[in-house]
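Asks: Quick one: the structure is below, and I'll ask about it shortly.
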Amino acid sequence: MKRLKLAKTKTFHSQLNGVPDTTLNFPDPPDTVALVPVTPSFVKLKLLVRESDVVKTGTPLLKDKRDPMVQWVSPGGGTIEAIVRGARRVVQEIVIRLDSHTEPADTFAPITEEILDAMPREALVDLLKQRGVWPLIRQFPFMDIPDVNSPFPLTVISLHTGDPFAPSPAVYLKDQQACFLHGLAILGKLSENLVVTVPEQFLSQLKIMGMSHEVTHVTQDRYPAGDPGVILYQIKKSAADNRACTMAPQDLIAMGSLFLTGQYHTKRVYAVAGTSARSPAHYLTRLGSPVAHVVGDIHTGNGVITGGLFTGALTLRDGHMGLSTSSAIVMDATGKDTFFGFAWPGRDLVSESGTFVSGLGSTSLSMDATLHGEERACINCGWCDKKCPVDLLPQFIMKAVWAGEMDEALSLGLLDCTGCGLCTFVCPSKIDLAAIMGLAAQTCYRERMML
Amino acid sequence: MKPLKSLFEKTDPHFKTGGRFYRFRGIYTATRTFFFLPSPVTQTAPHVRDNIDLKRFMSFVILALLPVTLFGMFNVGYQYHGGEASLFEMFLTGASHVLPIIAVAYGVGFFWEIVFATVRGHEVTEGLLVTGLLFPLTLPPTIPLWQVALGISFGVVMGKEVFGGTGRNLLNPALTARAFVFFSYPVSMSGNAVWQVTVPGVDAVSSATVLSVGGTGGNIQNMIVNAGFSLDRLFFGLHPGSIGETSAFLCFAGAVFLMVTRVASFRIILGGIAGVISTALVFQALPGPADTWFSAGPLYHIFSGGFALGISFMATDPVSAPGTDSGRWIYGFLIGFFTVLLRAVNPAYVEGVMLSILFMNVFSPLIDHVTVKITAARRIPNV
């Protein structure tokens with residue numbers, strides 16, 4: 001077990017209110033679930049179903065236009081109630097009203113370890129594609145659906161990114177060890193190297209559960225030390241490792257469970273967190289549950305961030321939880337004006353800079369989903385590169401991107417960006433550095449596809 | 001606060017798109033956001049943001065400059081009265097000479113800022129808050145106000161706005177302004193008579209600054225002390241000079257404050273001090289004239305002239321400094337090096353801080369270019 005070290009300045013160190021406690025609650029099942037494919041914008045999806053079609057759990061709903069064998073499957077059995085489209089008619093959600101009596105499921109004969117061992121790689125990949133698991137694996141650097149033609153040079157499974165609001169591995173791994181191990185065995189067949197990491201704070205709990213043998217690396221507790229991209233940056237040895245893959249740990253469990261039971265795994269543990277959340281804790285419920293079902297009632301003016309604190313999207317309450325997202329953070333999302341806002345000592349304001357009194361103490365603070373200032377030109381202060389966990393110079397990459405110098409941006413390491421969001425977070429000029437770099441990476445992908 | 005807010009809310013529509021005064025939204029928004037810091041809902045991930053913004057960032061520089069400014073006012077009065085008046089009286093006299101200079105710098109500076117913001121249709125930015133205070137601090141207290149107005153106009157327009165405004169300038173605007181006045185009106189900016197406000201009707205007392213000592217044979221360090229500039233006097237600042245430069249102690253106190261809050265880069269400041277110390281030691285060791293600043297040694301170089309003010313507040317302006325950590329060390333060190341070099345080998349022009357900082361401003365893009373390339377070459381390529 002190796003220890004990975006990230007400089008303390010490169011992690012988020014404020015203490016926050018509303019961290020989910022480790023109790024696991026079991027809410028009543030929701031009326032609807034939805035398939036919310038969270039994919040990079042260059043992945044074009046094709047619908048396989050229409051509204052009011054009847055589907056089973058595991059029925060393919062979407063396919064990738066580049067490789068029609070790659071399918072996304074239904075997280076529930078019932079009738080398709082709505083297909084929600086966003087800008088340019090991109091499918092955002094396929095909402096399924098669950099059949100309350102007998103929820104039908106698409107099943108197959110379980111694949112045990114012996115069968116798996118004898119299975120050729122092609123057959124395994126085909127099965128994963130057909131059963132909707134392949135798109136849950138993502139390949140660096142574009143976070144694309146993995147390339148089927150070559151084995152992954154490395155797969156990074158991070159049990160916890162260090163995000164204070166992410167679900168605890170001790171909670172979601174409980175009673176799921178067998179599925180998790182089976183999932184690892186499947187990945188082991190696809191990948192040349194397998195890396196499983198866990199933050200230091202969870203190591204003792206994993207030892208009690210008997211899971212610590214699988215862990216190859218221990219990371220620091222603070223975000224983003226456990227981000228798969230950050231881990232990859234720290235352990236990669238050659239340019240070949242840039243094509244590493246990763247997978248959310250609960251998706252890995254789902255993959256293992258699919259093979260062990262022959263049925264699509266439709267449960268997820270969601271961490272509900274944040275200041276305004278009714279009771280910050282873990283909730284075991286259906287994959288793709290409505291956000292409102294997961295977080296309960298919230299005050300008007302509050303918003304819900306689904307996904308990571310720094311990477312998640314601010315969603316509407318009538319939306320559903322996306323694939324591979326595992327936390328819902330409730331926080332104040334109303335714009336405000338602060339009287340002489342620039343001059344307050346700021347005892348209760350979150351800041352990674354040294355310019356607020358809160359930086360001196362260690363009390364827990366609350367965050368809100370507002371900008372705290374106005375956008376300005378970059379003043380070259382360099383706070384973004386101080387925070388970057390993969391040692392990029394975000395301000396120079398941003399300037400290269402704006403100047404249209406893609407080659408320059410690439411040589412500065414644009415594709416190493418993991419999108420952790422800390423550069424945007426600390427920027428005093430409120431520049432959306434992470435978003436700019438993310439868009440540039442996607443542009444880079446498109447340029448390559450056109451050649 | 002409530003009535004003010006409702007006043008703003010009533011006025012808002014006139015400055016929105018299609019409003020009667022839409023063209024003047026720059027100045028309006030600047031006023032409004034000064035009183036009420038806006039915090040709209042974020043549009044892209046991460047949806048949570050740090051509470052720091054550019055207004056607070058710049059306010060911290062002002063905060064660090066306040067003791068320097070207040071002491072500068074006091075010192076101007078102290079020199080006027082020769083130290084023989086009540087503290088309050090001395091401060092008041094000084095303030096009556098310094099405040100008009102600051103007021104003109106801010107007034108004219110904001111005028112240009114607003115003109116450009118209105119014509120270009122962008123916001124009035126916070127950079128001027130610092131420039132408008134830094135520039136007066138580099139001037140002698142006797143400077144005619146029209147020269148202040150001309151200087152800040154040149155600094156803001158040619159030093160900053162022609163490049164596109166805050167964040168895009170190559171040179172430090174405050175120093176550009178000072179350089180303009182220095183080379184255009186040398187009589188107001190050099191010599192022995194300008195550094196002290198004198199009683200009208202009384203012959204100007206020669207009030208040389210410490211840097212003009214030397215060149216008359218003997219040992220420079222003794223000459224400095226004999227001229228009344230002992231190290232402690234230089235350190236605490238009760239001697240003639242530019243308004244804000246005399247107290248090395250308060251400048252460095254401000255520098256420590258900015259370094260602790262990370263608003264200023266400690267690499268630039270420490271690099272600059274290291275540059276001065278090492279260069280001064282080298283010159284001291286070299287066989288050279290013993291009666292000029294060539295042999296003054298590191299301590300006198302650090303505490304004399306505008307070095308403390310320059311390295312703490314001018315060199316640390318992030319826009320005109322390099323953006324990489326290693327670049328900042330190099331930049332700071334070379335500022336220190338050139339400061340001592342100018343003082344040591346050019347007895348006719350002894351104050352080298354302004355020119356060394358402007359010189360290194362010009363080179364910071366090159367430093368960035370090289371250091372960024374070196375940093376990028378160390379990465380495992382991912383293209």
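Ordered as shown in the structure tokens, chains take letters A, B, and onward, while each chain numbers its residues from 1 and ligands are numbered from 1 in the order shown.
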With 7 Å as the limit and counting only C-alpha atoms, what residues in chain B lie close to chain A? Please list them as a PDB file with N, CA and C atoms, in the first residue's frame.

Replies:
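File selection-v4.pdb, as written:
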```
ATOM      1  N   PHE B  34     -19.759  49.435  -5.226  1.00  0.00           N
ATOM      2  CA  PHE B  34     -18.936  49.863  -4.094  1.00  0.00           C
ATOM      3  C   PHE B  34     -19.740  49.732  -2.803  1.00  0.00           C
ATOM      4  N   PHE B  35     -21.023  50.155  -2.861  1.00  0.00           N
ATOM      5  CA  PHE B  35     -21.859  50.079  -1.669  1.00  0.00           C
ATOM      6  C   PHE B  35     -22.419  48.673  -1.464  1.00  0.00           C
ATOM      7  N   PHE B  36     -22.848  48.061  -2.559  1.00  0.00           N
ATOM      8  CA  PHE B  36     -23.466  46.741  -2.433  1.00  0.00           C
ATOM      9  C   PHE B  36     -22.735  45.752  -3.323  1.00  0.00           C
ATOM     10  N   LEU B  37     -21.916  44.905  -2.692  1.00  0.00           N
ATOM     11  CA  LEU B  37     -21.164  43.914  -3.462  1.00  0.00           C
ATOM     12  C   LEU B  37     -22.133  42.886  -4.030  1.00  0.00           C
ATOM     13  N   PRO B  38     -22.208  42.760  -5.361  1.00  0.00           N
ATOM     14  CA  PRO B  38     -23.169  41.821  -5.927  1.00  0.00           C
ATOM     15  C   PRO B  38     -22.684  40.378  -5.783  1.00  0.00           C
ATOM     16  N   SER B  39     -23.627  39.470  -5.648  1.00  0.00           N
ATOM     17  CA  SER B  39     -23.287  38.052  -5.595  1.00  0.00           C
ATOM     18  C   SER B  39     -24.366  37.262  -6.306  1.00  0.00           C
ATOM     19  N   PRO B  40     -24.340  37.275  -7.642  1.00  0.00           N
ATOM     20  CA  PRO B  40     -25.373  36.557  -8.384  1.00  0.00           C
ATOM     21  C   PRO B  40     -25.170  35.045  -8.315  1.00  0.00           C
ATOM     22  N   VAL B  41     -26.218  34.290  -8.650  1.00  0.00           N
ATOM     23  CA  VAL B  41     -26.129  32.831  -8.651  1.00  0.00           C
ATOM     24  C   VAL B  41     -25.160  32.394  -9.748  1.00  0.00           C
ATOM     25  N   THR B  42     -24.313  31.402  -9.439  1.00  0.00           N
ATOM     26  CA  THR B  42     -23.297  30.962 -10.394  1.00  0.00           C
ATOM     27  C   THR B  42     -23.926  30.217 -11.556  1.00  0.00           C
ATOM     28  N   ALA B  45     -20.230  25.160 -13.229  1.00  0.00           N
ATOM     29  CA  ALA B  45     -19.570  24.446 -12.136  1.00  0.00           C
ATOM     30  C   ALA B  45     -18.130  24.940 -12.041  1.00  0.00           C
ATOM     31  N   PRO B  46     -17.526  25.039 -10.889  1.00  0.00           N
ATOM     32  CA  PRO B  46     -18.124  24.789  -9.581  1.00  0.00           C
ATOM     33  C   PRO B  46     -19.111  25.886  -9.190  1.00  0.00           C
ATOM     34  N   HIS B  47     -20.230  25.458  -8.638  1.00  0.00           N
ATOM     35  CA  HIS B  47     -21.249  26.441  -8.285  1.00  0.00           C
ATOM     36  C   HIS B  47     -20.948  27.134  -6.976  1.00  0.00           C
ATOM     37  N   VAL B  48     -19.991  26.612  -6.228  1.00  0.00           N
ATOM     38  CA  VAL B  48     -19.580  27.321  -5.017  1.00  0.00           C
ATOM     39  C   VAL B  48     -18.333  28.121  -5.357  1.00  0.00           C
ATOM     40  N   ARG B  49     -18.220  29.308  -4.802  1.00  0.00           N
ATOM     41  CA  ARG B  49     -17.068  30.148  -5.091  1.00  0.00           C
ATOM     42  C   ARG B  49     -16.524  30.758  -3.805  1.00  0.00           C
ATOM     43  N   ASP B  50     -15.237  30.997  -3.858  1.00  0.00           N
ATOM     44  CA  ASP B  50     -14.543  31.656  -2.766  1.00  0.00           C
ATOM     45  C   ASP B  50     -15.138  33.050  -2.549  1.00  0.00           C
ATOM     46  N   ASN B  51     -15.056  33.546  -1.326  1.00  0.00           N
ATOM     47  CA  ASN B  51     -15.595  34.875  -1.064  1.00  0.00           C
ATOM     48  C   ASN B  51     -14.672  36.005  -1.505  1.00  0.00           C
ATOM     49  N   ILE B  52     -13.443  35.668  -1.854  1.00  0.00           N
ATOM     50  CA  ILE B  52     -12.515  36.720  -2.285  1.00  0.00           C
ATOM     51  C   ILE B  52     -12.940  37.250  -3.650  1.00  0.00           C
ATOM     52  N   ASP B  53     -12.857  38.545  -3.839  1.00  0.00           N
ATOM     53  CA  ASP B  53     -13.037  39.103  -5.168  1.00  0.00           C
ATOM     54  C   ASP B  53     -12.036  40.231  -5.348  1.00  0.00           C
ATOM     55  N   LEU B  54     -12.025  40.813  -6.538  1.00  0.00           N
ATOM     56  CA  LEU B  54     -10.987  41.794  -6.836  1.00  0.00           C
ATOM     57  C   LEU B  54     -11.113  43.047  -5.973  1.00  0.00           C
ATOM     58  N   LYS B  55     -12.340  43.389  -5.568  1.00  0.00           N
ATOM     59  CA  LYS B  55     -12.507  44.565  -4.710  1.00  0.00           C
ATOM     60  C   LYS B  55     -11.774  44.354  -3.391  1.00  0.00           C
ATOM     61  N   ARG B  56     -11.952  43.158  -2.807  1.00  0.00           N
ATOM     62  CA  ARG B  56     -11.306  42.901  -1.539  1.00  0.00           C
ATOM     63  C   ARG B  56      -9.796  42.771  -1.719  1.00  0.00           C
ATOM     64  N   THR B 166      -7.273  47.270 -16.799  1.00  0.00           N
ATOM     65  CA  THR B 166      -6.702  46.464 -15.723  1.00  0.00           C
ATOM     66  C   THR B 166      -6.531  45.011 -16.151  1.00  0.00           C
ATOM     67  N   GLY B 167      -5.395  44.461 -15.847  1.00  0.00           N
ATOM     68  CA  GLY B 167      -5.152  43.064 -16.153  1.00  0.00           C
ATOM     69  C   GLY B 167      -4.428  42.870 -17.463  1.00  0.00           C
ATOM     70  N   VAL B 260       1.452  37.689   4.238  1.00  0.00           N
ATOM     71  CA  VAL B 260       0.697  36.764   5.089  1.00  0.00           C
ATOM     72  C   VAL B 260      -0.684  36.507   4.496  1.00  0.00           C
ATOM     73  N   THR B 261      -1.320  37.560   3.985  1.00  0.00           N
ATOM     74  CA  THR B 261      -2.639  37.365   3.381  1.00  0.00           C
ATOM     75  C   THR B 261      -2.532  36.862   1.945  1.00  0.00           C
ATOM     76  N   ARG B 262      -1.318  36.683   1.456  1.00  0.00           N
ATOM     77  CA  ARG B 262      -1.018  36.138   0.128  1.00  0.00           C
ATOM     78  C   ARG B 262      -1.512  37.035  -1.008  1.00  0.00           C
ATOM     79  N   PRO B 318       0.590  42.184  -9.411  1.00  0.00           N
ATOM     80  CA  PRO B 318       0.657  40.898 -10.114  1.00  0.00           C
ATOM     81  C   PRO B 318       0.534  41.021 -11.627  1.00  0.00           C
ATOM     82  N   VAL B 319      -0.162  42.053 -12.088  1.00  0.00           N
ATOM     83  CA  VAL B 319      -0.405  42.158 -13.525  1.00  0.00           C
ATOM     84  C   VAL B 319       0.898  42.338 -14.289  1.00  0.00           C
ATOM     85  N   GLY B 323       4.044  35.413 -13.994  1.00  0.00           N
ATOM     86  CA  GLY B 323       2.978  34.613 -13.426  1.00  0.00           C
ATOM     87  C   GLY B 323       3.415  33.257 -12.907  1.00  0.00           C
ATOM     88  N   ALA B 376       6.536  23.294 -18.536  1.00  0.00           N
ATOM     89  CA  ALA B 376       5.766  22.398 -19.394  1.00  0.00           C
ATOM     90  C   ALA B 376       6.621  21.225 -19.866  1.00  0.00           C
ATOM     91  N   ILE B 380       4.931  14.876 -18.083  1.00  0.00           N
ATOM     92  CA  ILE B 380       4.802  13.746 -19.004  1.00  0.00           C
ATOM     93  C   ILE B 380       3.849  14.210 -20.100  1.00  0.00           C
ATOM     94  N   PRO B 381       4.276  14.208 -21.370  1.00  0.00           N
ATOM     95  CA  PRO B 381       3.425  14.821 -22.398  1.00  0.00           C
ATOM     96  C   PRO B 381       2.063  14.145 -22.499  1.00  0.00           C
ATOM     97  N   ASN B 382       1.059  14.969 -22.686  1.00  0.00           N
ATOM     98  CA  ASN B 382      -0.302  14.467 -22.826  1.00  0.00           C
ATOM     99  C   ASN B 382      -0.947  15.285 -23.935  1.00  0.00           C
ATOM    100  N   VAL B 383      -0.632  14.908 -25.173  1.00  0.00           N
ATOM    101  CA  VAL B 383      -1.150  15.713 -26.285  1.00  0.00           C
ATOM    102  C   VAL B 383      -1.916  14.841 -27.279  1.00  0.00           C
TER     103      VAL B 383
END
```

Asks: Region 189-301 of chain B: which residues are alpha helix (DSSP H) by DSSP, as a compact mmCIF listing (two decimals) with N, CA and C atoms, in the first residue's frame?

Replies:
```txt
# COMPACT_ATOMS: atom_id res chain seq x y z
N MET B 189 11.22 66.98 -9.64
CA MET B 189 11.38 65.61 -9.15
C MET B 189 12.79 65.29 -8.70
N ILE B 220 31.74 56.23 2.53
CA ILE B 220 30.33 56.52 2.29
C ILE B 220 29.49 56.29 3.54
N GLN B 221 29.78 55.24 4.26
CA GLN B 221 28.93 54.94 5.42
C GLN B 221 29.05 56.03 6.47
N ASN B 222 30.29 56.52 6.68
CA ASN B 222 30.47 57.61 7.63
C ASN B 222 29.76 58.87 7.14
N MET B 223 29.86 59.09 5.83
CA MET B 223 29.24 60.29 5.28
C MET B 223 27.74 60.25 5.45
N ILE B 224 27.16 59.07 5.25
CA ILE B 224 25.70 58.94 5.41
C ILE B 224 25.31 59.27 6.84
N VAL B 225 26.07 58.69 7.78
CA VAL B 225 25.75 58.93 9.19
C VAL B 225 25.97 60.40 9.52
N ASN B 226 27.08 60.99 9.03
CA ASN B 226 27.36 62.39 9.33
C ASN B 226 26.30 63.31 8.75
N LEU B 231 21.13 54.58 10.42
CA LEU B 231 20.28 53.48 9.95
C LEU B 231 18.91 53.51 10.59
N ASP B 232 18.84 53.81 11.90
CA ASP B 232 17.53 53.79 12.55
C ASP B 232 16.64 54.92 12.02
N ARG B 233 17.24 56.04 11.68
CA ARG B 233 16.45 57.14 11.14
C ARG B 233 15.93 56.73 9.75
N LEU B 234 16.77 56.11 8.97
CA LEU B 234 16.33 55.63 7.66
C LEU B 234 15.23 54.59 7.82
N PHE B 235 15.38 53.74 8.82
CA PHE B 235 14.44 52.65 9.01
C PHE B 235 13.06 53.20 9.40
N PHE B 236 13.04 54.15 10.35
CA PHE B 236 11.74 54.63 10.81
C PHE B 236 11.19 55.77 9.97
N ALA B 248 10.98 52.81 5.81
CA ALA B 248 11.18 51.42 5.38
C ALA B 248 10.42 50.48 6.31
N PHE B 249 10.36 50.87 7.58
CA PHE B 249 9.68 50.02 8.56
C PHE B 249 8.22 49.79 8.17
N LEU B 250 7.49 50.90 7.89
CA LEU B 250 6.06 50.75 7.58
C LEU B 250 5.86 50.08 6.23
N CYS B 251 6.75 50.35 5.28
CA CYS B 251 6.63 49.68 3.98
C CYS B 251 6.78 48.17 4.16
N PHE B 252 7.80 47.77 4.92
CA PHE B 252 8.00 46.33 5.11
C PHE B 252 6.91 45.72 5.97
N ALA B 253 6.35 46.52 6.91
CA ALA B 253 5.21 46.02 7.69
C ALA B 253 4.05 45.74 6.75
N GLY B 254 3.82 46.66 5.81
CA GLY B 254 2.78 46.43 4.82
C GLY B 254 3.09 45.21 3.98
N ALA B 255 4.37 45.06 3.63
CA ALA B 255 4.77 43.91 2.82
C ALA B 255 4.49 42.61 3.56
N VAL B 256 4.79 42.58 4.87
CA VAL B 256 4.54 41.36 5.64
C VAL B 256 3.04 41.07 5.66
N PHE B 257 2.25 42.12 5.87
CA PHE B 257 0.79 41.95 5.87
C PHE B 257 0.32 41.36 4.54
N LEU B 258 0.83 41.89 3.44
CA LEU B 258 0.40 41.39 2.13
C LEU B 258 0.90 39.98 1.86
N MET B 259 2.08 39.67 2.39
CA MET B 259 2.60 38.32 2.18
C MET B 259 1.81 37.31 3.00
N VAL B 260 1.45 37.69 4.24
CA VAL B 260 0.70 36.76 5.09
C VAL B 260 -0.68 36.51 4.50
N PHE B 266 5.33 36.59 -1.91
CA PHE B 266 6.53 36.69 -1.06
C PHE B 266 7.78 36.43 -1.88
N ARG B 267 7.61 35.73 -3.00
CA ARG B 267 8.79 35.42 -3.82
C ARG B 267 9.40 36.69 -4.41
N ILE B 268 8.53 37.62 -4.82
CA ILE B 268 9.04 38.86 -5.40
C ILE B 268 9.75 39.67 -4.32
N ILE B 269 9.10 39.79 -3.16
CA ILE B 269 9.66 40.66 -2.11
C ILE B 269 10.97 40.07 -1.58
N LEU B 270 10.94 38.79 -1.23
CA LEU B 270 12.17 38.19 -0.70
C LEU B 270 13.24 38.11 -1.77
N GLY B 271 12.82 37.83 -3.00
CA GLY B 271 13.78 37.81 -4.11
C GLY B 271 14.44 39.16 -4.28
N GLY B 272 13.63 40.23 -4.16
CA GLY B 272 14.17 41.58 -4.31
C GLY B 272 15.17 41.90 -3.20
N ILE B 273 14.80 41.55 -1.98
CA ILE B 273 15.71 41.82 -0.86
C ILE B 273 17.00 41.02 -1.03
N ALA B 274 16.84 39.76 -1.45
CA ALA B 274 18.04 38.94 -1.68
C ALA B 274 18.90 39.55 -2.78
N GLY B 275 18.24 40.09 -3.81
CA GLY B 275 18.98 40.71 -4.91
C GLY B 275 19.79 41.89 -4.43
N VAL B 276 19.16 42.74 -3.61
CA VAL B 276 19.86 43.92 -3.10
C VAL B 276 21.04 43.48 -2.23
N ILE B 277 20.77 42.55 -1.31
CA ILE B 277 21.83 42.16 -0.36
C ILE B 277 23.02 41.58 -1.12
N SER B 278 22.75 40.63 -2.02
CA SER B 278 23.88 39.97 -2.67
C SER B 278 24.63 40.93 -3.58
N THR B 279 23.89 41.76 -4.33
CA THR B 279 24.58 42.70 -5.22
C THR B 279 25.38 43.72 -4.42
N ALA B 280 24.77 44.23 -3.35
CA ALA B 280 25.47 45.23 -2.55
C ALA B 280 26.73 44.63 -1.93
N LEU B 281 26.65 43.37 -1.50
CA LEU B 281 27.83 42.73 -0.91
C LEU B 281 28.93 42.57 -1.95
N VAL B 282 28.52 42.19 -3.16
CA VAL B 282 29.52 42.03 -4.22
C VAL B 282 30.20 43.36 -4.50
N PHE B 283 29.41 44.42 -4.63
CA PHE B 283 30.00 45.73 -4.92
C PHE B 283 30.90 46.19 -3.77
N GLN B 284 30.45 45.92 -2.55
CA GLN B 284 31.24 46.34 -1.40
C GLN B 284 32.60 45.65 -1.41
N ALA B 285 32.59 44.38 -1.86
CA ALA B 285 33.84 43.62 -1.88
C ALA B 285 34.74 44.03 -3.03
N PRO B 298 24.78 46.42 2.05
CA PRO B 298 23.38 46.02 1.85
C PRO B 298 22.37 46.78 2.72
N LEU B 299 22.69 47.05 3.98
CA LEU B 299 21.66 47.63 4.85
C LEU B 299 21.24 49.01 4.38
N TYR B 300 22.22 49.84 4.04
CA TYR B 300 21.88 51.18 3.58
C TYR B 300 21.10 51.12 2.27
N HIS B 301 21.44 50.17 1.42
CA HIS B 301 20.72 50.05 0.16
C HIS B 301 19.26 49.67 0.39
```

Asks: Please return, as a compact mmCIF listing (two decimals) with N, CA and C atoms, in the first residue's frame, all residues of region 181-407 of chain A that DSSP assigns to strand (DSSP E) on the basis of the backbone.

Replies:
```txt
# COMPACT_ATOMS: atom_id res chain seq x y z
N LEU A 194 -4.43 -2.18 -12.18
CA LEU A 194 -5.60 -1.76 -11.44
C LEU A 194 -5.13 -1.04 -10.19
N VAL A 195 -5.65 0.16 -9.98
CA VAL A 195 -5.27 0.93 -8.80
C VAL A 195 -6.53 1.25 -8.02
N VAL A 196 -6.55 0.88 -6.75
CA VAL A 196 -7.70 1.21 -5.90
C VAL A 196 -7.18 2.10 -4.78
N THR A 197 -7.79 3.26 -4.62
CA THR A 197 -7.29 4.19 -3.61
C THR A 197 -8.39 4.54 -2.63
N VAL A 198 -7.97 4.89 -1.44
CA VAL A 198 -8.90 5.32 -0.41
C VAL A 198 -8.21 6.38 0.44
N PRO A 199 -8.94 7.41 0.87
CA PRO A 199 -8.32 8.39 1.77
C PRO A 199 -7.99 7.76 3.12
N HIS A 217 -3.30 2.18 -3.01
CA HIS A 217 -2.73 3.47 -2.63
C HIS A 217 -3.63 4.15 -1.61
N VAL A 218 -2.99 4.85 -0.67
CA VAL A 218 -3.73 5.65 0.30
C VAL A 218 -3.52 7.11 -0.04
N THR A 219 -4.61 7.87 -0.13
CA THR A 219 -4.49 9.29 -0.47
C THR A 219 -4.75 10.14 0.76
N CYS A 245 -8.30 4.52 -17.46
CA CYS A 245 -9.75 4.57 -17.29
C CYS A 245 -10.09 4.75 -15.83
N THR A 246 -11.31 5.13 -15.59
CA THR A 246 -11.77 5.22 -14.21
C THR A 246 -13.25 4.88 -14.17
N MET A 247 -13.74 4.69 -12.96
CA MET A 247 -15.14 4.30 -12.80
C MET A 247 -15.55 4.70 -11.40
N LYS A 267 -29.85 0.10 -7.34
CA LYS A 267 -29.79 0.82 -6.06
C LYS A 267 -28.53 1.66 -6.01
N ARG A 268 -28.64 2.79 -5.36
CA ARG A 268 -27.46 3.62 -5.12
C ARG A 268 -27.56 4.24 -3.73
N VAL A 269 -26.39 4.48 -3.14
CA VAL A 269 -26.34 5.25 -1.90
C VAL A 269 -26.05 6.69 -2.28
N TYR A 270 -26.96 7.58 -1.91
CA TYR A 270 -26.75 9.00 -2.18
C TYR A 270 -26.45 9.71 -0.86
N ALA A 271 -25.44 10.54 -0.89
CA ALA A 271 -25.17 11.36 0.29
C ALA A 271 -25.93 12.67 0.13
N VAL A 272 -26.74 13.00 1.11
CA VAL A 272 -27.46 14.27 1.10
C VAL A 272 -26.74 15.18 2.08
N ALA A 273 -26.35 16.35 1.62
CA ALA A 273 -25.47 17.18 2.43
C ALA A 273 -25.80 18.65 2.25
N ALA A 281 -27.25 12.98 5.64
CA ALA A 281 -26.97 11.57 5.92
C ALA A 281 -26.88 10.82 4.60
N HIS A 282 -26.76 9.50 4.70
CA HIS A 282 -26.74 8.67 3.50
C HIS A 282 -28.11 8.06 3.27
N TYR A 283 -28.53 7.97 2.02
CA TYR A 283 -29.84 7.43 1.68
C TYR A 283 -29.66 6.36 0.63
N LEU A 284 -30.18 5.15 0.90
CA LEU A 284 -30.13 4.08 -0.09
C LEU A 284 -31.46 4.07 -0.83
N THR A 285 -31.42 4.37 -2.12
CA THR A 285 -32.67 4.41 -2.86
C THR A 285 -32.39 4.03 -4.31
N ARG A 286 -33.37 4.29 -5.18
CA ARG A 286 -33.23 3.85 -6.56
C ARG A 286 -32.26 4.72 -7.34
N ASN A 302 -33.38 27.85 -2.08
CA ASN A 302 -32.26 26.91 -2.02
C ASN A 302 -32.16 26.15 -3.33
N GLY A 303 -30.96 25.75 -3.67
CA GLY A 303 -30.76 24.94 -4.86
C GLY A 303 -30.07 23.64 -4.47
N VAL A 304 -30.04 22.69 -5.39
CA VAL A 304 -29.40 21.41 -5.13
C VAL A 304 -28.27 21.22 -6.13
N ILE A 305 -27.08 20.95 -5.62
CA ILE A 305 -25.97 20.60 -6.50
C ILE A 305 -25.87 19.08 -6.51
N THR A 306 -26.04 18.47 -7.68
CA THR A 306 -25.89 17.02 -7.74
C THR A 306 -24.54 16.70 -8.37
N ALA A 313 -23.61 19.84 -10.95
CA ALA A 313 -24.43 20.85 -11.60
C ALA A 313 -25.52 21.30 -10.64
N LEU A 314 -25.86 22.58 -10.75
CA LEU A 314 -26.98 23.11 -9.97
C LEU A 314 -28.25 22.67 -10.68
N THR A 315 -29.01 21.75 -10.06
CA THR A 315 -30.16 21.19 -10.77
C THR A 315 -31.46 21.70 -10.20
N SER A 327 -23.93 12.41 -4.84
CA SER A 327 -24.32 13.27 -3.73
C SER A 327 -25.23 14.38 -4.20
N ALA A 328 -26.06 14.82 -3.27
CA ALA A 328 -26.97 15.94 -3.52
C ALA A 328 -26.74 16.93 -2.40
N ILE A 329 -26.30 18.13 -2.76
CA ILE A 329 -25.92 19.12 -1.76
C ILE A 329 -26.90 20.27 -1.83
N VAL A 330 -27.57 20.52 -0.73
CA VAL A 330 -28.57 21.58 -0.70
C VAL A 330 -27.89 22.84 -0.18
N MET A 331 -28.03 23.92 -0.90
CA MET A 331 -27.49 25.18 -0.38
C MET A 331 -28.24 26.37 -0.94
N ASP A 332 -28.01 27.48 -0.26
CA ASP A 332 -28.64 28.73 -0.64
C ASP A 332 -28.24 29.10 -2.07
N LYS A 336 -27.53 37.89 -4.09
CA LYS A 336 -27.69 38.91 -3.05
C LYS A 336 -26.71 40.06 -3.24
N ASP A 337 -26.99 41.14 -2.54
CA ASP A 337 -26.11 42.30 -2.50
C ASP A 337 -25.65 42.45 -1.06
N THR A 338 -24.36 42.56 -0.82
CA THR A 338 -23.89 42.74 0.55
C THR A 338 -23.41 44.17 0.72
N PHE A 339 -23.93 44.84 1.74
CA PHE A 339 -23.54 46.23 2.01
C PHE A 339 -22.07 46.27 2.39
```

Asks: For a test of reading the model, state the distance in Å between CA of Thr266 (chain A) and CA of Leu287 (chain A), rounded to one decimal.

Replies: 5.1 Å
